[in-house]
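For reference, the structure discussed in these notes is given below.
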Amino acid sequence: MPALHRTEAQARARLLDVRRYDIHLDLTQGEDTFGSRTVIHFRSHEAGDTFVEIKPATLHTVTLDGHPLDPAALDGNRLPLALTAGDHELRLDATMRYSRTGEGMHRFTDPADGESYVYTQLFMEDVQRVFAAFDQPDLKAVFALTVTAPDDWTVLANGITAHTGEGTWQAAPTPLISTYLVAVAAGPWHSVRTEHAGLPFGLHCRRSLAPHLDADADEILDITRRCFDRYHDIFDEPYPFDSYDQAFVPEFNAGAMENPGLVTFRDEFIYRSAVTDTERQTRGMVIAHEMAHMWFGDLVTLQWWDDIWLNESFAEYMGYQVLSEATRFTGTWTDFALARKSWGYDADQRPSTHPVAPAPDDVPDTSSALLNFDGISYAKGASALRQLVHWMGEQDFLAGINDHFARHRFANATLADFIDSLARATDRDVHTWAERWLRTTGVDTLVPVLADTEDGGWTLHIDHTGSPDGTRPHRLTVGLYDRHPADPGRLVPRKPLTWDLPAEEHPATPGSRPALLLLNDQDLTYAKVRLDAASWDTALAALSGLPDALTRAVVWNAARDMVRDGELAPTAYLDAARAHLPHETDLALVQGVLGFARTQIADRYLPPSERHTALATLTALARDILRRTEGPAHGTSTGLRLTAVRTFIDSATTPEGLGDWLDGGTVPGGPDLDPELRWRILARLATLGALTPDTIDAELARDPSATGEQGAARCRAALPDPAAKQAAWHALFTTDNDAALSNYLFTATAQGFWQPEQADLLGDYVPRYFAEAPALATHRGPALADAAGRYAFPATHITPETLRLGETCLTDGNPPPALRRKLIDQLDDLRRALTVRGA
């Protein structure tokens, strides 16, 4: 089916004025299909030819202004229309297929109780899987939905819904919104409802998750209310929709989706097991992120997909900022530095990098646009906005944002519109800033060069390299720290320097050099930084003695970048972690550093001969943290213990100890083993060859939930048994629709399959992956193509032969765009790992 080309969208937007959709969905037709009737009211400015999109199982009837059209004229997803000038009414009656890949109308049956749920995810061009539409973001319209559902179901939609009898639900018509933002979620939901600011608020989840939602409902609603009120403090435009529902839905592909009035979240955010406070903070950030979209994305919507960053970068920035201002989670930017910003740095150094705001010609169609949902559009874009706020001032930034909302409410806007609104609010040259930050690619690297002066002072020069040619402006803080005279393990801050780049050098500073000089202290710009030799020595000795968590995060990120660039031995990073993490109190830092050490250093950057020693270092480090956190539990110690237990499990090289925990149902001193920890232990035991299929079956009987099914699939695929591997491979790569795995079961199986401990057993599957993945991705569509590239790729086989096979696949295998992009990224990471190993 052809992707929509930008020039086609422009032509259709010039021709049509779409006013209203009346949609009826019948969800009572069985488990495979549903009924979809669409009436579109629109005007054609002149006579001309165009098309409407739909992807049906069967298109039954079509009428235009009462005259029948031939359903057989449907070509792929396009039905041609020959229009006269004037008003028109288009009616289409179709049968549509439910999805198991999280696209369109996804249907899920809960193994815990047999209840079924459906929900829509219509982003980009998947509305065509649910109803007929002129499917592009700049043809906004009013949407009026009627849904027929089983008697015991509740139907949620963008507007307030009312049950009108006989299983029929009517949703209040929306304001003008884009096609991709229409939302329906139906099933026997468990709901928690309240009211705030005169609007109905609701939380919804599967019935089997009811006790877990109830346990956290006060926290979720408190965050929702606080963020809602904060947005009303800083935005002049009131919340533009009639209600605010948040539905936690199963097998959701993204973290969440900003449907106006009905935000959908992956239901892993309803925690069945213990989580750290940082993970709760992440849930809060996603709530704040999606709420920001109600204004930026829903009220004012991009005109074409080249400006998707405007949606995501803004919501990403506002999510972290508003959560830190309005809730107890005041340390959000530390987590951003470690968990999100590094995502942007990595993406920006791959061949697939692109500008935050690509040129329109670089996003010619919807297929290419879908590839830009990455660390550039989210993390780098948010970092750029944070730097912009630091550079122009928050007051002027918000004035520009409010001007943007006022000028384009319920309409569409472009990057040029956005920059124009900012420029109207400040004397700063925002247009030049945007060209250097948003239209360029690559990460700048900042290196301090210190020199002594004859009078006993010192000077600082910053080498500024990167793209574009070291001219990207930066306003940053330079942190200066001395060792505490009575405790050399502590560092005491001097007054920091404020620095604007490009600049030659800072005036001479009297007195001795600081023990530690840190560029980009507080992480206000987007750049890799290096430490001078003396500062690095100080950091190695006293990193945990820095007084601020965000400062420590900048140092850890510098160390991470040095490892990735071959400038710091991976074992030196592990040594620093072993020395300082036992004294670290910030959960985000502990999780971020341990995650990089476990998944990148141990599994990828060290040769196999050194992996066992690295894992032993990590288990010893986990024990150090557990010993330090013994005693009365409190929030931080509980989170640190949970993080240490997870690392110990994932790093265990023998089954001894893990089996004792499993049998006893607890870790000595806590925590007790909840379902997540039990499945984590079982997955590790499976990898180590210390688990039988019968044990997996018994655990699934104990936990017959959706996450239990995924845990069992992960364990079965991890067994070091040729028959188990072949069964898992067949399940992953079958193109039999009836036997094909859902998106979540595919991911779980792929995660279990590739294990570094099983390299010899899995060697023959490496060439099979590159031979079979393109056909799977083509057959099952973009969501599974992404999963096949992300999770099923043989990332544990760090060899030149894997690289050669992958490059041949790119050249000769004809992978579809979503898989091609993932392969390009995976192969570049593989090259980097080979380089680090050889450094």
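The way I read the labels, and the way they are meant: chains A, B, ... in the order of the structure tokens, residue 1 as the first residue of every chain, and ligand 1 as the first ligand shown, with later ones counted on from there.
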
Write out as JSON lines the residues of segment 168-225 of chain A that have any atom within 7 Å of an atom of segment 149-162 of chain A, one row each with the nearest atom pair and its distance in Å to one decimal, counting only C-alpha atoms, sorted by chain and then rising number.
```
{"residue": "A:Thr168", "atom": "CA", "partner": "A:Ala149", "partner_atom": "CA", "distance": 6.4}
{"residue": "A:Trp169", "atom": "CA", "partner": "A:Ala162", "partner_atom": "CA", "distance": 5.5}
{"residue": "A:Gln170", "atom": "CA", "partner": "A:Ala162", "partner_atom": "CA", "distance": 5.3}
{"residue": "A:Ala171", "atom": "CA", "partner": "A:Thr161", "partner_atom": "CA", "distance": 4.2}
{"residue": "A:Ala172", "atom": "CA", "partner": "A:Gly159", "partner_atom": "CA", "distance": 4.8}
{"residue": "A:Pro173", "atom": "CA", "partner": "A:Gly159", "partner_atom": "CA", "distance": 6.4}
{"residue": "A:Thr174", "atom": "CA", "partner": "A:Gly159", "partner_atom": "CA", "distance": 6.1}
{"residue": "A:Val182", "atom": "CA", "partner": "A:Asn158", "partner_atom": "CA", "distance": 6.6}
{"residue": "A:Ala183", "atom": "CA", "partner": "A:Ala157", "partner_atom": "CA", "distance": 5.4}
{"residue": "A:Val184", "atom": "CA", "partner": "A:Ala157", "partner_atom": "CA", "distance": 4.6}
{"residue": "A:Ala185", "atom": "CA", "partner": "A:Leu156", "partner_atom": "CA", "distance": 5.1}
{"residue": "A:Ala186", "atom": "CA", "partner": "A:Val155", "partner_atom": "CA", "distance": 4.4}
{"residue": "A:Gly187", "atom": "CA", "partner": "A:Trp153", "partner_atom": "CA", "distance": 4.5}
{"residue": "A:Pro188", "atom": "CA", "partner": "A:Trp153", "partner_atom": "CA", "distance": 4.4}
{"residue": "A:Trp189", "atom": "CA", "partner": "A:Thr154", "partner_atom": "CA", "distance": 6.4}
```

Export all heavy atoms of the chosen residues as a short mmCIF file (atom, residue, chain, number, x, y, z; two decimals), in the first residue's frame?
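New file again.cif:
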```
data_model
loop_
_atom_site.label_atom_id
_atom_site.label_comp_id
_atom_site.auth_asym_id
_atom_site.auth_seq_id
_atom_site.Cartn_x
_atom_site.Cartn_y
_atom_site.Cartn_z
N THR A 168 -25.22 0.55 22.85
CA THR A 168 -24.74 1.65 22.00
C THR A 168 -24.27 2.81 22.87
O THR A 168 -24.93 3.21 23.83
CB THR A 168 -25.85 2.13 21.05
OG1 THR A 168 -26.23 1.04 20.20
CG2 THR A 168 -25.37 3.29 20.20
N TRP A 169 -23.12 3.36 22.50
CA TRP A 169 -22.51 4.48 23.20
C TRP A 169 -22.31 5.63 22.23
O TRP A 169 -21.88 5.43 21.09
CB TRP A 169 -21.15 4.08 23.78
CG TRP A 169 -21.25 3.04 24.86
CD1 TRP A 169 -21.51 1.71 24.71
CD2 TRP A 169 -21.08 3.25 26.26
NE1 TRP A 169 -21.51 1.07 25.92
CE2 TRP A 169 -21.25 1.99 26.90
CE3 TRP A 169 -20.80 4.37 27.03
CZ2 TRP A 169 -21.15 1.85 28.27
CZ3 TRP A 169 -20.70 4.22 28.41
CH2 TRP A 169 -20.87 2.97 29.02
N GLN A 170 -22.61 6.82 22.69
CA GLN A 170 -22.45 8.03 21.88
C GLN A 170 -21.40 8.91 22.53
O GLN A 170 -21.47 9.20 23.72
CB GLN A 170 -23.77 8.79 21.78
CG GLN A 170 -23.73 10.02 20.88
CD GLN A 170 -23.75 9.64 19.41
OE1 GLN A 170 -24.56 8.83 18.98
NE2 GLN A 170 -22.84 10.22 18.64
N ALA A 171 -20.41 9.31 21.73
CA ALA A 171 -19.37 10.22 22.24
C ALA A 171 -19.70 11.64 21.82
O ALA A 171 -20.17 11.88 20.70
CB ALA A 171 -18.00 9.83 21.69
N ALA A 172 -19.45 12.57 22.71
CA ALA A 172 -19.64 13.98 22.36
C ALA A 172 -18.74 14.34 21.19
O ALA A 172 -17.57 13.92 21.14
CB ALA A 172 -19.31 14.86 23.57
N PRO A 173 -19.23 15.10 20.23
CA PRO A 173 -18.39 15.50 19.09
C PRO A 173 -17.15 16.25 19.57
O PRO A 173 -17.19 17.02 20.54
CB PRO A 173 -19.30 16.39 18.26
CG PRO A 173 -20.69 15.98 18.64
CD PRO A 173 -20.61 15.61 20.10
N THR A 174 -16.06 16.01 18.89
CA THR A 174 -14.80 16.66 19.25
C THR A 174 -14.76 18.07 18.68
O THR A 174 -15.49 18.42 17.76
CB THR A 174 -13.61 15.88 18.67
OG1 THR A 174 -13.63 16.01 17.24
CG2 THR A 174 -13.65 14.42 19.05
N VAL A 182 -7.94 10.61 16.79
CA VAL A 182 -9.20 10.00 17.20
C VAL A 182 -8.89 8.77 18.05
O VAL A 182 -7.95 8.02 17.77
CB VAL A 182 -10.05 9.63 15.97
CG1 VAL A 182 -11.32 8.91 16.39
CG2 VAL A 182 -10.37 10.88 15.17
N ALA A 183 -9.70 8.54 19.09
CA ALA A 183 -9.41 7.41 19.99
C ALA A 183 -10.69 6.76 20.49
O ALA A 183 -11.68 7.44 20.78
CB ALA A 183 -8.59 7.89 21.19
N VAL A 184 -10.63 5.43 20.58
CA VAL A 184 -11.69 4.62 21.19
C VAL A 184 -11.02 3.56 22.03
O VAL A 184 -10.00 2.97 21.61
CB VAL A 184 -12.59 3.96 20.12
CG1 VAL A 184 -13.57 2.99 20.77
CG2 VAL A 184 -13.33 5.00 19.31
N ALA A 185 -11.55 3.30 23.21
CA ALA A 185 -11.09 2.18 24.04
C ALA A 185 -12.33 1.55 24.65
O ALA A 185 -13.12 2.23 25.31
CB ALA A 185 -10.13 2.65 25.12
N ALA A 186 -12.50 0.25 24.41
CA ALA A 186 -13.74 -0.40 24.85
C ALA A 186 -13.44 -1.74 25.51
O ALA A 186 -12.53 -2.47 25.09
CB ALA A 186 -14.68 -0.61 23.66
N GLY A 187 -14.21 -2.04 26.54
CA GLY A 187 -14.05 -3.30 27.26
C GLY A 187 -14.65 -3.18 28.64
O GLY A 187 -15.17 -2.13 29.03
N PRO A 188 -14.55 -4.22 29.43
CA PRO A 188 -15.08 -4.18 30.80
C PRO A 188 -14.08 -3.50 31.74
O PRO A 188 -13.55 -4.11 32.67
CB PRO A 188 -15.28 -5.65 31.14
CG PRO A 188 -14.24 -6.36 30.33
CD PRO A 188 -14.10 -5.59 29.05
N TRP A 189 -13.82 -2.23 31.48
CA TRP A 189 -12.79 -1.50 32.21
C TRP A 189 -13.11 -1.40 33.71
O TRP A 189 -14.27 -1.26 34.11
CB TRP A 189 -12.65 -0.07 31.67
CG TRP A 189 -12.31 0.03 30.22
CD1 TRP A 189 -13.12 0.47 29.22
CD2 TRP A 189 -11.07 -0.32 29.60
NE1 TRP A 189 -12.46 0.43 28.02
CE2 TRP A 189 -11.20 -0.06 28.22
CE3 TRP A 189 -9.85 -0.82 30.07
CZ2 TRP A 189 -10.18 -0.28 27.31
CZ3 TRP A 189 -8.83 -1.04 29.16
CH2 TRP A 189 -8.99 -0.78 27.81
#
```

Excluding Glu610 of chain A and any residue of its chain fewer than 5 positions from it, enumerate the residues within 12 Å of it, using only C-alpha atoms, and give them as a PyMOL selection string. chain A and resi 570-571+601-605+615-617+837

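The environment of Ala698 of chain A within 12 Å, counting only C-alpha atoms and disregarding residues fewer than 5 places along the same chain, consists of A:Trp679, A:Leu682, A:Leu691, A:Thr692, A:Pro693, A:Asp703, A:Pro704, A:Gly708, A:Glu709, A:Ala712.
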
Using only C-alpha atoms, which protein or nucleic acid residues come within 9 Å of segment 578-591 of chain A? Drop anything in the same chain fewer than 3 positions from it, and give the result as an NGL selection string. :A and (276-279 or 331-332 or 334-336 or 338-339 or 540-545 or 549-550 or 552-553 or 556 or 573-575 or 594-596 or 617-618 or 620-622 or 624-626 or 628 or 636-637 or 639-640 or 643-644)

Near Ser273 of chain A, counting only C-alpha atoms, which residues have an atom at most 7 Å away, once you skip same-chain residues fewer than 5 positions from it, shown as a PDB file with N, CA, C and O atoms, in the first residue's frame?
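So selection_18.pdb came out as:
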```pdb
ATOM      1  N   ASP A 674       8.293 -10.675  44.315  1.00  0.00           N
ATOM      2  CA  ASP A 674       7.003 -10.478  43.657  1.00  0.00           C
ATOM      3  C   ASP A 674       7.094 -11.088  42.255  1.00  0.00           C
ATOM      4  O   ASP A 674       8.142 -11.642  41.879  1.00  0.00           O
ATOM      5  N   PRO A 675       6.020 -11.033  41.474  1.00  0.00           N
ATOM      6  CA  PRO A 675       6.066 -11.704  40.157  1.00  0.00           C
ATOM      7  C   PRO A 675       7.216 -11.237  39.267  1.00  0.00           C
ATOM      8  O   PRO A 675       7.844 -12.053  38.583  1.00  0.00           O
ATOM      9  N   GLU A 676       7.517  -9.936  39.263  1.00  0.00           N
ATOM     10  CA  GLU A 676       8.583  -9.455  38.375  1.00  0.00           C
ATOM     11  C   GLU A 676       9.922 -10.072  38.754  1.00  0.00           C
ATOM     12  O   GLU A 676      10.686 -10.521  37.882  1.00  0.00           O
TER      13      GLU A 676
END
```

Please provide the set of residues having any atom within 12 Å of Arg328 of chain A, restricted to only C-alpha atoms, with same-chain residues fewer than 6 positions apart removed, written as a list in words. Glu219, Asp222, Ile223, Arg226, Cys227, Asp277, Thr278, Arg280, Gln281, Gly284, Met285 and Val322 of chain A

For segment 47-50 of chain A, list every protein, DNA or RNA residue within 9 Å, evaluated using only C-alpha atoms, and leave out those in the same chain fewer than 6 positions away; present the list as JSON, numbers by chain. {"A": [8, 11, 12, 15, 79, 80, 81, 82, 83, 84, 85, 86]}

Residue set, segment 652-838 of chain A restricted to helix (DSSP H, G or I), as a ChimeraX atom specification: /A:658-664,675-687,693-702,706-718,722-733,743-753,756-762,765-780,782-790,800-812,817-838

Tell me which of A:Tyr231, A:Trp661, A:Phe201, A:Tyr320 sits closest to Ser243 of chain A, counting only C-alpha atoms. A:Phe201

Quick one: of A:Pro722, A:Leu145, A:Ile462, A:Thr7, who's nearest to Val363 of chain A, counting only C-alpha atoms? A:Thr7

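Between Asp420 of chain A and the residues A:Arg97, A:Arg611, A:Arg472, A:Arg407, the shortest atom-to-atom distance, using only C-alpha atoms, involves A:Arg407.
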